[in-house]
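*Asks:* You'll find start.json just under this line, and it carries JSON, C-alpha atoms and all ligand atoms.
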```
[["chain", "number", "residue", "atom", "x", "y", "z"],
["A", 1, "MET", "CA", 18.81, -24.47, -16.64],
["A", 2, "ASP", "CA", 15.33, -24.00, -15.21],
["A", 3, "LEU", "CA", 15.09, -20.41, -14.06],
["A", 4, "GLY", "CA", 12.01, -21.18, -11.99],
["A", 5, "ILE", "CA", 10.07, -18.00, -12.79],
["A", 6, "LYS", "CA", 7.29, -19.36, -15.00],
["A", 7, "GLY", "CA", 3.95, -17.96, -13.79],
["A", 8, "LYS", "CA", 5.58, -15.44, -11.45],
["A", 9, "THR", "CA", 4.91, -11.72, -11.89],
["A", 10, "ALA", "CA", 7.55, -9.10, -12.65],
["A", 11, "LEU", "CA", 7.10, -5.36, -12.37],
["A", 12, "VAL", "CA", 9.41, -3.76, -14.93],
["A", 13, "LEU", "CA", 10.01, -0.02, -14.76],
["A", 14, "GLY", "CA", 11.18, 1.88, -17.83],
["A", 15, "ALA", "CA", 9.81, -0.95, -19.94],
["A", 16, "SER", "CA", 8.77, 0.82, -23.13],
["A", 17, "GLN", "CA", 12.18, 0.68, -24.81],
["A", 18, "GLY", "CA", 15.86, -0.07, -24.45],
["A", 19, "ILE", "CA", 17.17, -2.12, -21.54],
["A", 20, "GLY", "CA", 13.86, -2.26, -19.63],
["A", 21, "ARG", "CA", 12.00, -3.51, -22.66],
["A", 22, "ALA", "CA", 14.61, -6.19, -23.34],
["A", 23, "ILE", "CA", 14.36, -7.39, -19.72],
["A", 24, "ALA", "CA", 10.55, -7.53, -19.96],
["A", 25, "GLU", "CA", 10.77, -9.55, -23.18],
["A", 26, "ALA", "CA", 13.35, -11.93, -21.72],
["A", 27, "LEU", "CA", 11.24, -12.48, -18.58],
["A", 28, "ALA", "CA", 8.17, -13.21, -20.70],
["A", 29, "GLU", "CA", 10.21, -15.65, -22.76],
["A", 30, "GLU", "CA", 10.79, -17.56, -19.50],
["A", 31, "GLY", "CA", 7.04, -17.61, -18.87],
["A", 32, "ALA", "CA", 6.84, -14.76, -16.35],
["A", 33, "ASN", "CA", 3.90, -12.36, -16.39],
["A", 34, "VAL", "CA", 4.98, -8.74, -16.74],
["A", 35, "VAL", "CA", 3.62, -5.38, -15.65],
["A", 36, "LEU", "CA", 5.10, -2.78, -17.99],
["A", 37, "VAL", "CA", 5.74, 0.71, -16.62],
["A", 38, "ALA", "CA", 6.76, 3.87, -18.50],
["A", 39, "ARG", "CA", 5.15, 7.21, -19.34],
["A", 40, "ASN", "CA", 3.66, 6.49, -22.75],
["A", 41, "GLY", "CA", 0.46, 4.47, -22.29],
["A", 42, "GLU", "CA", -0.09, 3.93, -26.00],
["A", 43, "ALA", "CA", 3.40, 2.50, -26.55],
["A", 44, "LEU", "CA", 2.95, 0.26, -23.51],
["A", 45, "GLU", "CA", -0.37, -1.08, -24.77],
["A", 46, "GLY", "CA", 1.16, -2.06, -28.10],
["A", 47, "LEU", "CA", 4.12, -3.68, -26.37],
["A", 48, "ALA", "CA", 1.91, -5.55, -23.88],
["A", 49, "ALA", "CA", -0.24, -6.98, -26.68],
["A", 50, "ASP", "CA", 2.90, -7.99, -28.56],
["A", 51, "ILE", "CA", 4.52, -9.70, -25.56],
["A", 52, "ALA", "CA", 1.29, -11.47, -24.51],
["A", 53, "GLY", "CA", 0.73, -12.72, -28.07],
["A", 54, "LYS", "CA", 4.32, -13.88, -28.56],
["A", 55, "HIS", "CA", 4.91, -15.58, -25.22],
["A", 56, "GLY", "CA", 1.42, -16.52, -23.94],
["A", 57, "VAL", "CA", 1.89, -14.64, -20.66],
["A", 58, "GLU", "CA", -0.08, -11.84, -19.03],
["A", 59, "ALA", "CA", 1.35, -8.46, -19.93],
["A", 60, "THR", "CA", -0.20, -5.41, -18.27],
["A", 61, "PRO", "CA", 0.53, -1.85, -19.39],
["A", 62, "CYS", "CA", 0.80, 0.63, -16.51],
["A", 63, "PRO", "CA", 1.59, 4.22, -17.52],
["A", 64, "VAL", "CA", 3.34, 6.16, -14.72],
["A", 65, "ASP", "CA", 5.64, 9.17, -14.75],
["A", 66, "LEU", "CA", 8.27, 8.24, -12.18],
["A", 67, "SER", "CA", 9.32, 11.88, -11.83],
["A", 68, "ASP", "CA", 5.82, 12.76, -10.52],
["A", 69, "PRO", "CA", 5.56, 12.01, -6.76],
["A", 70, "LEU", "CA", 1.73, 11.98, -6.74],
["A", 71, "ALA", "CA", 1.61, 9.52, -9.63],
["A", 72, "VAL", "CA", 4.15, 7.34, -7.83],
["A", 73, "THR", "CA", 2.06, 7.34, -4.63],
["A", 74, "ALA", "CA", -0.98, 6.12, -6.59],
["A", 75, "PHE", "CA", 1.22, 3.56, -8.38],
["A", 76, "CYS", "CA", 2.52, 2.25, -5.04],
["A", 77, "THR", "CA", -1.05, 1.62, -3.88],
["A", 78, "ARG", "CA", -1.61, -0.47, -7.01],
["A", 79, "ILE", "CA", 1.65, -2.36, -6.43],
["A", 80, "GLU", "CA", 0.61, -3.31, -2.89],
["A", 81, "ASN", "CA", -3.01, -4.16, -3.61],
["A", 82, "GLU", "CA", -3.09, -5.27, -7.22],
["A", 83, "PHE", "CA", 0.26, -6.21, -8.77],
["A", 84, "LYS", "CA", 1.93, -7.85, -5.72],
["A", 85, "PRO", "CA", 5.04, -8.68, -7.78],
["A", 86, "ASP", "CA", 7.48, -11.53, -7.20],
["A", 87, "MET", "CA", 10.17, -9.65, -9.12],
["A", 88, "LEU", "CA", 10.94, -5.96, -9.45],
["A", 89, "VAL", "CA", 13.14, -4.29, -12.05],
["A", 90, "ASN", "CA", 14.08, -0.80, -10.93],
["A", 91, "ASN", "CA", 14.87, 1.16, -14.05],
["A", 92, "ALA", "CA", 13.98, 4.52, -15.65],
["A", 93, "GLY", "CA", 15.47, 7.16, -17.87],
["A", 94, "GLY", "CA", 18.74, 8.92, -17.19],
["A", 95, "PRO", "CA", 19.47, 12.61, -16.54],
["A", 96, "PRO", "CA", 20.82, 14.93, -19.23],
["A", 97, "PRO", "CA", 24.60, 15.14, -19.59],
["A", 98, "SER", "CA", 26.36, 17.92, -17.66],
["A", 99, "PRO", "CA", 29.41, 18.71, -15.56],
["A", 100, "SER", "CA", 29.06, 18.76, -11.75],
["A", 101, "THR", "CA", 28.32, 22.47, -11.39],
["A", 102, "GLY", "CA", 25.79, 24.80, -12.98],
["A", 103, "VAL", "CA", 23.00, 22.20, -13.06],
["A", 104, "SER", "CA", 19.54, 23.69, -12.48],
["A", 105, "ASP", "CA", 17.49, 22.85, -9.39],
["A", 106, "GLU", "CA", 14.83, 21.47, -11.72],
["A", 107, "VAL", "CA", 17.19, 18.86, -13.21],
["A", 108, "TRP", "CA", 18.52, 17.85, -9.77],
["A", 109, "HIS", "CA", 14.98, 17.57, -8.33],
["A", 110, "ASN", "CA", 13.37, 15.74, -11.24],
["A", 111, "SER", "CA", 16.27, 13.33, -11.63],
["A", 112, "THR", "CA", 16.45, 12.57, -7.92],
["A", 113, "GLN", "CA", 12.70, 12.08, -7.82],
["A", 114, "MET", "CA", 12.71, 9.70, -10.80],
["A", 115, "MET", "CA", 15.92, 7.77, -10.07],
["A", 116, "LEU", "CA", 16.05, 7.65, -6.27],
["A", 117, "PHE", "CA", 12.90, 8.67, -4.36],
["A", 118, "SER", "CA", 10.53, 6.77, -6.67],
["A", 119, "ILE", "CA", 12.74, 3.70, -6.58],
["A", 120, "VAL", "CA", 12.73, 3.79, -2.77],
["A", 121, "ARG", "CA", 8.91, 4.04, -2.60],
["A", 122, "VAL", "CA", 8.24, 1.49, -5.35],
["A", 123, "THR", "CA", 10.63, -0.97, -3.71],
["A", 124, "GLU", "CA", 8.91, -0.49, -0.34],
["A", 125, "ALA", "CA", 5.55, -1.13, -1.96],
["A", 126, "ALA", "CA", 6.79, -4.33, -3.62],
["A", 127, "LEU", "CA", 8.29, -5.83, -0.46],
["A", 128, "PRO", "CA", 5.18, -6.92, 1.53],
["A", 129, "ALA", "CA", 4.06, -9.42, -1.13],
["A", 130, "MET", "CA", 7.61, -10.77, -1.46],
["A", 131, "LYS", "CA", 7.94, -11.12, 2.32],
["A", 132, "ALA", "CA", 4.56, -12.86, 2.55],
["A", 133, "ARG", "CA", 5.73, -15.45, -0.02],
["A", 134, "GLY", "CA", 9.23, -15.75, 1.42],
["A", 135, "TRP", "CA", 10.58, -15.22, -2.11],
["A", 136, "GLY", "CA", 11.42, -12.06, -4.01],
["A", 137, "ARG", "CA", 13.90, -10.66, -6.51],
["A", 138, "ILE", "CA", 14.88, -7.03, -6.96],
["A", 139, "VAL", "CA", 17.27, -5.95, -9.69],
["A", 140, "ALA", "CA", 18.16, -2.33, -10.36],
["A", 141, "VAL", "CA", 19.65, -1.07, -13.60],
["A", 142, "GLY", "CA", 22.50, 1.27, -12.66],
["A", 143, "SER", "CA", 25.45, 2.53, -14.65],
["A", 144, "SER", "CA", 29.19, 1.92, -14.88],
["A", 145, "GLY", "CA", 29.34, 5.42, -13.33],
["A", 146, "VAL", "CA", 28.67, 3.79, -9.93],
["A", 147, "VAL", "CA", 32.16, 2.26, -10.08],
["A", 148, "GLN", "CA", 33.95, 4.86, -12.18],
["A", 149, "PRO", "CA", 32.18, 8.23, -12.53],
["A", 150, "ILE", "CA", 31.59, 9.06, -16.20],
["A", 151, "PRO", "CA", 32.83, 12.48, -17.34],
["A", 152, "ASN", "CA", 29.98, 14.93, -18.07],
["A", 153, "LEU", "CA", 27.31, 12.72, -16.45],
["A", 154, "ALA", "CA", 27.56, 14.28, -13.00],
["A", 155, "VAL", "CA", 23.89, 14.00, -12.03],
["A", 156, "SER", "CA", 23.75, 10.35, -12.99],
["A", 157, "ASN", "CA", 27.02, 9.53, -11.19],
["A", 158, "THR", "CA", 25.77, 11.24, -8.02],
["A", 159, "ILE", "CA", 22.28, 9.77, -7.79],
["A", 160, "ARG", "CA", 23.26, 6.24, -8.80],
["A", 161, "GLY", "CA", 25.80, 6.12, -5.99],
["A", 162, "ALA", "CA", 22.93, 6.86, -3.57],
["A", 163, "VAL", "CA", 20.79, 4.13, -5.16],
["A", 164, "ALA", "CA", 23.66, 1.65, -4.76],
["A", 165, "GLY", "CA", 23.88, 2.53, -1.05],
["A", 166, "PHE", "CA", 20.13, 2.09, -0.60],
["A", 167, "LEU", "CA", 20.08, -1.29, -2.32],
["A", 168, "LYS", "CA", 23.12, -2.69, -0.52],
["A", 169, "THR", "CA", 21.64, -1.69, 2.85],
["A", 170, "LEU", "CA", 18.27, -3.19, 1.90],
["A", 171, "SER", "CA", 19.84, -6.44, 0.67],
["A", 172, "ALA", "CA", 21.04, -7.30, 4.18],
["A", 173, "GLU", "CA", 17.69, -6.35, 5.72],
["A", 174, "VAL", "CA", 15.61, -8.67, 3.52],
["A", 175, "ALA", "CA", 18.00, -11.56, 2.81],
["A", 176, "GLY", "CA", 16.41, -13.57, 5.63],
["A", 177, "ASN", "CA", 13.03, -13.21, 3.91],
["A", 178, "GLY", "CA", 14.19, -15.02, 0.79],
["A", 179, "ILE", "CA", 14.52, -11.74, -1.10],
["A", 180, "THR", "CA", 17.64, -10.89, -3.08],
["A", 181, "VAL", "CA", 18.60, -7.37, -4.14],
["A", 182, "ASN", "CA", 21.20, -6.76, -6.83],
["A", 183, "MET", "CA", 22.33, -4.02, -9.18],
["A", 184, "VAL", "CA", 23.45, -4.51, -12.77],
["A", 185, "LEU", "CA", 25.61, -1.87, -14.40],
["A", 186, "PRO", "CA", 25.41, -1.23, -18.13],
["A", 187, "GLY", "CA", 28.54, 0.03, -19.81],
["A", 188, "LYS", "CA", 27.57, 1.03, -23.35],
["A", 189, "ILE", "CA", 24.39, -0.72, -24.41],
["A", 190, "GLU", "CA", 22.97, 0.25, -27.80],
["A", 191, "THR", "CA", 19.71, 2.05, -26.93],
["A", 192, "ALA", "CA", 18.04, 5.38, -27.67],
["A", 193, "ARG", "CA", 19.74, 6.85, -24.59],
["A", 194, "LEU", "CA", 23.21, 5.88, -25.77],
["A", 195, "GLY", "CA", 22.31, 7.39, -29.16],
["A", 196, "ARG", "CA", 21.35, 10.68, -27.47],
["A", 197, "LEU", "CA", 24.57, 10.75, -25.41],
["A", 198, "ASP", "CA", 26.72, 10.04, -28.47],
["A", 199, "SER", "CA", 24.92, 12.76, -30.45],
["A", 200, "ALA", "CA", 25.47, 15.28, -27.63],
["A", 201, "ARG", "CA", 29.17, 14.32, -27.51],
["A", 202, "ALA", "CA", 29.49, 14.68, -31.29],
["A", 203, "GLU", "CA", 28.03, 18.17, -31.07],
["A", 204, "ARG", "CA", 30.27, 19.17, -28.12],
["A", 205, "GLU", "CA", 33.41, 17.91, -29.82],
["A", 206, "GLY", "CA", 32.51, 19.06, -33.36],
["A", 207, "LYS", "CA", 32.70, 15.51, -34.74],
["A", 208, "SER", "CA", 30.31, 13.35, -36.71],
["A", 209, "LEU", "CA", 28.15, 10.84, -34.87],
["A", 210, "GLU", "CA", 29.89, 8.02, -36.72],
["A", 211, "GLU", "CA", 33.33, 9.24, -35.58],
["A", 212, "VAL", "CA", 32.16, 9.37, -31.98],
["A", 213, "ARG", "CA", 30.57, 5.91, -32.15],
["A", 214, "ALA", "CA", 33.67, 4.37, -33.76],
["A", 215, "ALA", "CA", 36.02, 5.92, -31.18],
["A", 216, "SER", "CA", 33.76, 4.94, -28.32],
["A", 217, "GLN", "CA", 33.55, 1.31, -29.46],
["A", 218, "ALA", "CA", 37.29, 1.14, -30.11],
["A", 219, "GLU", "CA", 37.91, 2.08, -26.43],
["A", 220, "LEU", "CA", 36.02, -1.00, -25.25],
["A", 221, "PRO", "CA", 38.04, -4.20, -24.80],
["A", 222, "ILE", "CA", 35.23, -6.05, -26.56],
["A", 223, "LYS", "CA", 35.31, -3.47, -29.43],
["A", 224, "ARG", "CA", 31.55, -3.08, -29.81],
["A", 225, "TYR", "CA", 28.50, -1.77, -28.03],
["A", 226, "GLY", "CA", 26.36, -4.28, -26.14],
["A", 227, "GLN", "CA", 22.85, -5.19, -27.19],
["A", 228, "PRO", "CA", 19.94, -4.78, -24.75],
["A", 229, "GLU", "CA", 19.27, -8.53, -25.03],
["A", 230, "GLU", "CA", 22.79, -9.30, -23.79],
["A", 231, "PHE", "CA", 22.17, -7.13, -20.74],
["A", 232, "ALA", "CA", 18.72, -8.63, -20.18],
["A", 233, "LYS", "CA", 20.06, -12.19, -19.94],
["A", 234, "VAL", "CA", 22.18, -11.27, -16.92],
["A", 235, "ALA", "CA", 19.33, -9.36, -15.28],
["A", 236, "VAL", "CA", 16.93, -12.26, -15.79],
["A", 237, "PHE", "CA", 19.39, -14.70, -14.23],
["A", 238, "LEU", "CA", 19.59, -12.47, -11.14],
["A", 239, "LEU", "CA", 15.78, -12.25, -11.10],
["A", 240, "SER", "CA", 15.46, -16.02, -11.23],
["A", 241, "ASP", "CA", 15.34, -18.83, -8.74],
["A", 242, "ALA", "CA", 18.72, -19.98, -10.05],
["A", 243, "ALA", "CA", 20.42, -16.94, -8.47],
["A", 244, "SER", "CA", 19.14, -17.80, -4.98],
["A", 245, "TYR", "CA", 22.49, -17.24, -3.20],
["A", 246, "VAL", "CA", 23.46, -13.99, -4.93],
["A", 247, "THR", "CA", 22.51, -10.79, -3.12],
["A", 248, "GLY", "CA", 23.89, -7.33, -2.45],
["A", 249, "GLN", "CA", 26.04, -7.58, -5.57],
["A", 250, "ILE", "CA", 26.91, -5.12, -8.27],
["A", 251, "THR", "CA", 27.39, -6.90, -11.60],
["A", 252, "ARG", "CA", 28.89, -5.18, -14.62],
["A", 253, "VAL", "CA", 27.63, -5.89, -18.11],
["A", 254, "ASP", "CA", 30.07, -3.62, -19.87],
["A", 255, "GLY", "CA", 32.23, -5.56, -22.32],
["A", 256, "GLY", "CA", 35.24, -4.85, -20.07],
["A", 257, "LEU", "CA", 34.75, -1.06, -20.03],
["A", 258, "ILE", "CA", 35.70, -0.68, -16.35],
["A", 259, "ARG", "CA", 39.35, -1.68, -16.05],
["A", 260, "SER", "CA", 39.53, -2.13, -12.28],
["A", 261, "ILE", "CA", 39.11, -5.54, -10.61],
["A", 301, "LIG", "P1", 16.19, 4.51, -22.65],
["A", 301, "LIG", "O1", 16.15, 6.00, -22.62],
["A", 301, "LIG", "O2", 16.33, 3.82, -23.95],
["A", 301, "LIG", "O3", 14.91, 3.90, -21.89],
["A", 301, "LIG", "C1", 14.50, 4.44, -20.66],
["A", 301, "LIG", "C2", 13.14, 3.89, -20.29],
["A", 301, "LIG", "O4", 12.68, 4.59, -19.12],
["A", 301, "LIG", "C3", 12.08, 4.10, -21.36],
["A", 301, "LIG", "O5", 11.14, 3.05, -21.31],
["A", 301, "LIG", "C4", 11.43, 5.40, -20.91],
["A", 301, "LIG", "O6", 10.12, 5.55, -21.40],
["A", 301, "LIG", "C5", 11.43, 5.21, -19.41],
["A", 301, "LIG", "N1", 11.35, 6.47, -18.68],
["A", 301, "LIG", "C6", 12.10, 7.58, -18.86],
["A", 301, "LIG", "N2", 11.70, 8.55, -18.01],
["A", 301, "LIG", "C7", 10.66, 8.04, -17.30],
["A", 301, "LIG", "C8", 9.81, 8.55, -16.30],
["A", 301, "LIG", "N3", 9.93, 9.81, -15.86],
["A", 301, "LIG", "N4", 8.84, 7.77, -15.81],
["A", 301, "LIG", "C9", 8.69, 6.49, -16.27],
["A", 301, "LIG", "N5", 9.46, 5.94, -17.20],
["A", 301, "LIG", "C10", 10.44, 6.72, -17.72],
["A", 301, "LIG", "O7", 17.40, 4.13, -21.67],
["A", 301, "LIG", "P2", 18.27, 2.77, -21.60],
["A", 301, "LIG", "O8", 19.48, 2.96, -22.40],
["A", 301, "LIG", "O9", 17.40, 1.61, -21.78],
["A", 301, "LIG", "O10", 18.77, 2.89, -20.08],
["A", 301, "LIG", "C11", 18.06, 2.44, -18.97],
["A", 301, "LIG", "C12", 18.76, 2.99, -17.74],
["A", 301, "LIG", "O11", 20.13, 2.58, -17.74],
["A", 301, "LIG", "C13", 18.78, 4.52, -17.73],
["A", 301, "LIG", "O12", 18.67, 4.96, -16.39],
["A", 301, "LIG", "C14", 20.15, 4.84, -18.26],
["A", 301, "LIG", "O13", 20.63, 6.09, -17.83],
["A", 301, "LIG", "C15", 20.96, 3.70, -17.67],
["A", 301, "LIG", "N6", 22.20, 3.47, -18.41],
["A", 301, "LIG", "C16", 22.16, 3.08, -19.70],
["A", 301, "LIG", "C17", 23.34, 2.88, -20.37],
["A", 301, "LIG", "C18", 23.38, 2.42, -21.80],
["A", 301, "LIG", "O14", 24.45, 2.11, -22.30],
["A", 301, "LIG", "N7", 22.27, 2.35, -22.50],
["A", 301, "LIG", "C19", 24.58, 3.08, -19.72],
["A", 301, "LIG", "C20", 24.57, 3.47, -18.41],
["A", 301, "LIG", "C21", 23.36, 3.67, -17.75]]
```
What is this file in structure tokens?
Ligand code: NAD
*Replies:*
Amino acid sequence: MDLGIKGKTALVLGASQGIGRAIAEALAEEGANVVLVARNGEALEGLAADIAGKHGVEATPCPVDLSDPLAVTAFCTRIENEFKPDMLVNNAGGPPPSPSTGVSDEVWHNSTQMMLFSIVRVTEAALPAMKARGWGRIVAVGSSGVVQPIPNLAVSNTIRGAVAGFLKTLSAEVAGNGITVNMVLPGKIETARLGRLDSARAEREGKSLEEVRAASQAELPIKRYGQPEEFAKVAVFLLSDAASYVTGQITRVDGGLIRSI
């Protein structure tokens, strides 16, 4: 299947590792140019050189801290005037684990800034170029917690629900401009973040990391964690020309984790 994205430009947030990195690699494999966003400029430069060398595309490192509103404002100016992306991958880190109460103002503010306010502004900045071309793709990386709140990830569950509401509303507003907006929900994808969450759970429950990982994988119908590349393939399809009639959808890539229909 021709995905029709060769030569187009994708802005990928949270691209230095994990799911974001896998999406950037998969887009480049299809011939798309990528702008790679995360905090660590050095890591991004290495990754950009690697992707450009491997796939013969343009890969541009763009260090931004998405929890810093001033940095995001400057980044948005670059998006509008310089990057003008065809595709946008809204993705970042996740908040620390916690129950619903007793969370500091700092964690609520920083997490909301990074995961919601920045996503709103970055999306706004990406839209004019997409509207001008009459073609655009926006995919946000969410969490299974949007459908079924995950115990002890209260901040994530809360903010991601708001992001889902924003994206669904937006999808109807821009569908007539040839722009699709979708959300993809990871269940348990084997990344550094999942490793940190499993380690925290092992400590809380007084178990070894291996015990926690084995129990967690056994609970999944598919009996194993997903790989970032498996997630990326679905995201890239939704970012492609092939998914032209799919918008406003929430797609789970979770190995069957969520049991509801
Ligand atoms: P990860 O921690 O491995 O990677 C996160 C990426 O975001 C990295 O590139 C990191 O540098 C970047 N990032 C973090 N904070 C940032 C900031 N302030 N500014 C700019 N960039 C920043 O995470 P992952 O596992 O790849 O997950 C990606 C997203 O999906 C996260 O929001 C995570 O919470 C969510 N998620 C992941 C899983 C999973 O199974 N891995 C499950 C549910 C939800």
*Asks:* Distance limit 7 Å, reference ligand LIG 301 (chain A), atoms considered: only C-alpha atoms and all ligand atoms. Which residues make the cut? Give them as number ranges by chain.
*Replies:* A: 13-21, 37-40, 64-67, 91-95, 114, 141-144, 185-194
*Asks:* Can you work out which one of A:Val89, A:Ala154, A:Ala59, A:Ala162 has the shortest atom-to-atom distance to Leu238 (chain A), counting only C-alpha atoms?
*Replies:*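 Residue with the minimum atom-to-atom distance to Leu238 (chain A): A:Val89.
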*Asks:* Which residues are near region 6-8 of chain A? Cut-off 7 Å, all atoms listed in the file, ignore same chain within fewer than 5 positions. Put them as JSON, numbers by chain.
*Replies:* {"A": [30, 31, 32, 33, 86]}
*Asks:* Determine the nearest neighbour of Ile23 (chain A) from the options A:Gln148, A:Gln113, A:Asn90, A:Ser98, counting only C-alpha atoms.
*Replies:* A:Asn90
*Asks:* Residues within 10 Å of Pro96 (chain A), please, as a list in words. Count only C-alpha atoms; anything in the same chain fewer than 3 positions from it doesn't count.
*Replies:*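 Non-adjacent residues within range: Gly93, Val103, Val107, Ser111, Asn152, Leu153, Ala154, Val155, Ser156, Arg193, Arg196, Leu197 and Ala200 of chain A.
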*Asks:* Applying 12 Å and all atoms listed in the file, which residues near Val212 (chain A) remain after dropping the ones on its own chain fewer than 3 positions away? List them as a PyMOL selection string.
*Replies:* chain A and resi 194-209+215-219
*Asks:* Could you check the closest approach to Thr123 (chain A) for each of A:Ser240, A:Ser260, A:Asn177, A:Ser171 and tell me which residue wins, using all atoms listed in the file?
*Replies:*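 Closest residue, counting all atoms listed in the file: A:Ser171.
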*Asks:* Point out the residue among A:Leu3, A:Pro151, A:His55, A:Lys168 with the least atom-to-atom distance to Val234 (chain A), counting all atoms listed in the file.
*Replies:*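 Of A:Leu3, A:Pro151, A:His55, A:Lys168, the one nearest Val234 (chain A), counting all atoms listed in the file, is A:Leu3.
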*Asks:* Can you work out which one of A:Phe117, A:Phe237, A:Trp108, A:Trp135 has the shortest atom-to-atom distance to Lys84 (chain A), counting all atoms listed in the file?
*Replies:*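 Smallest distance to Lys84 (chain A) is found for A:Trp135.
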*Asks:* List the neighbours of Thr180 (chain A) out to 9 Å using all atoms listed in the file; skip same-chain residues closer than 3 positions along the sequence, and give me the result as a list of chain:residue names.
*Replies:*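 Near neighbours after the sequence-gap exclusion: A:Trp135, A:Gly136, A:Arg137, A:Ile138, A:Val139, A:Ser171, A:Ala172, A:Val174, A:Ala175, A:Asn177, A:Leu238, A:Leu239, A:Ala243, A:Ser244, A:Tyr245, A:Val246, A:Thr247, A:Gly248.
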*Asks:* At what distance in Å, to one decimal, does CA of Gly4 (chain A) lie from CA of Met115 (chain A)?
*Replies:*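 Computing it gives 29.3 Å between the two atoms.
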*Asks:* Record the distance separating CA of Ser104 (chain A) and CA of Ile258 (chain A), expressed in Å with one decimal.
*Replies:*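 Interatomic distance, CA of Ser104 (chain A) to CA of Ile258 (chain A): 29.5 Å.
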*Asks:* To one decimal place, how far is CA of Val35 (chain A) from CA of Thr9 (chain A) in Å?
*Replies:*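 Spanning CA of Val35 (chain A) to CA of Thr9 (chain A) is a straight-line distance of 7.5 Å.
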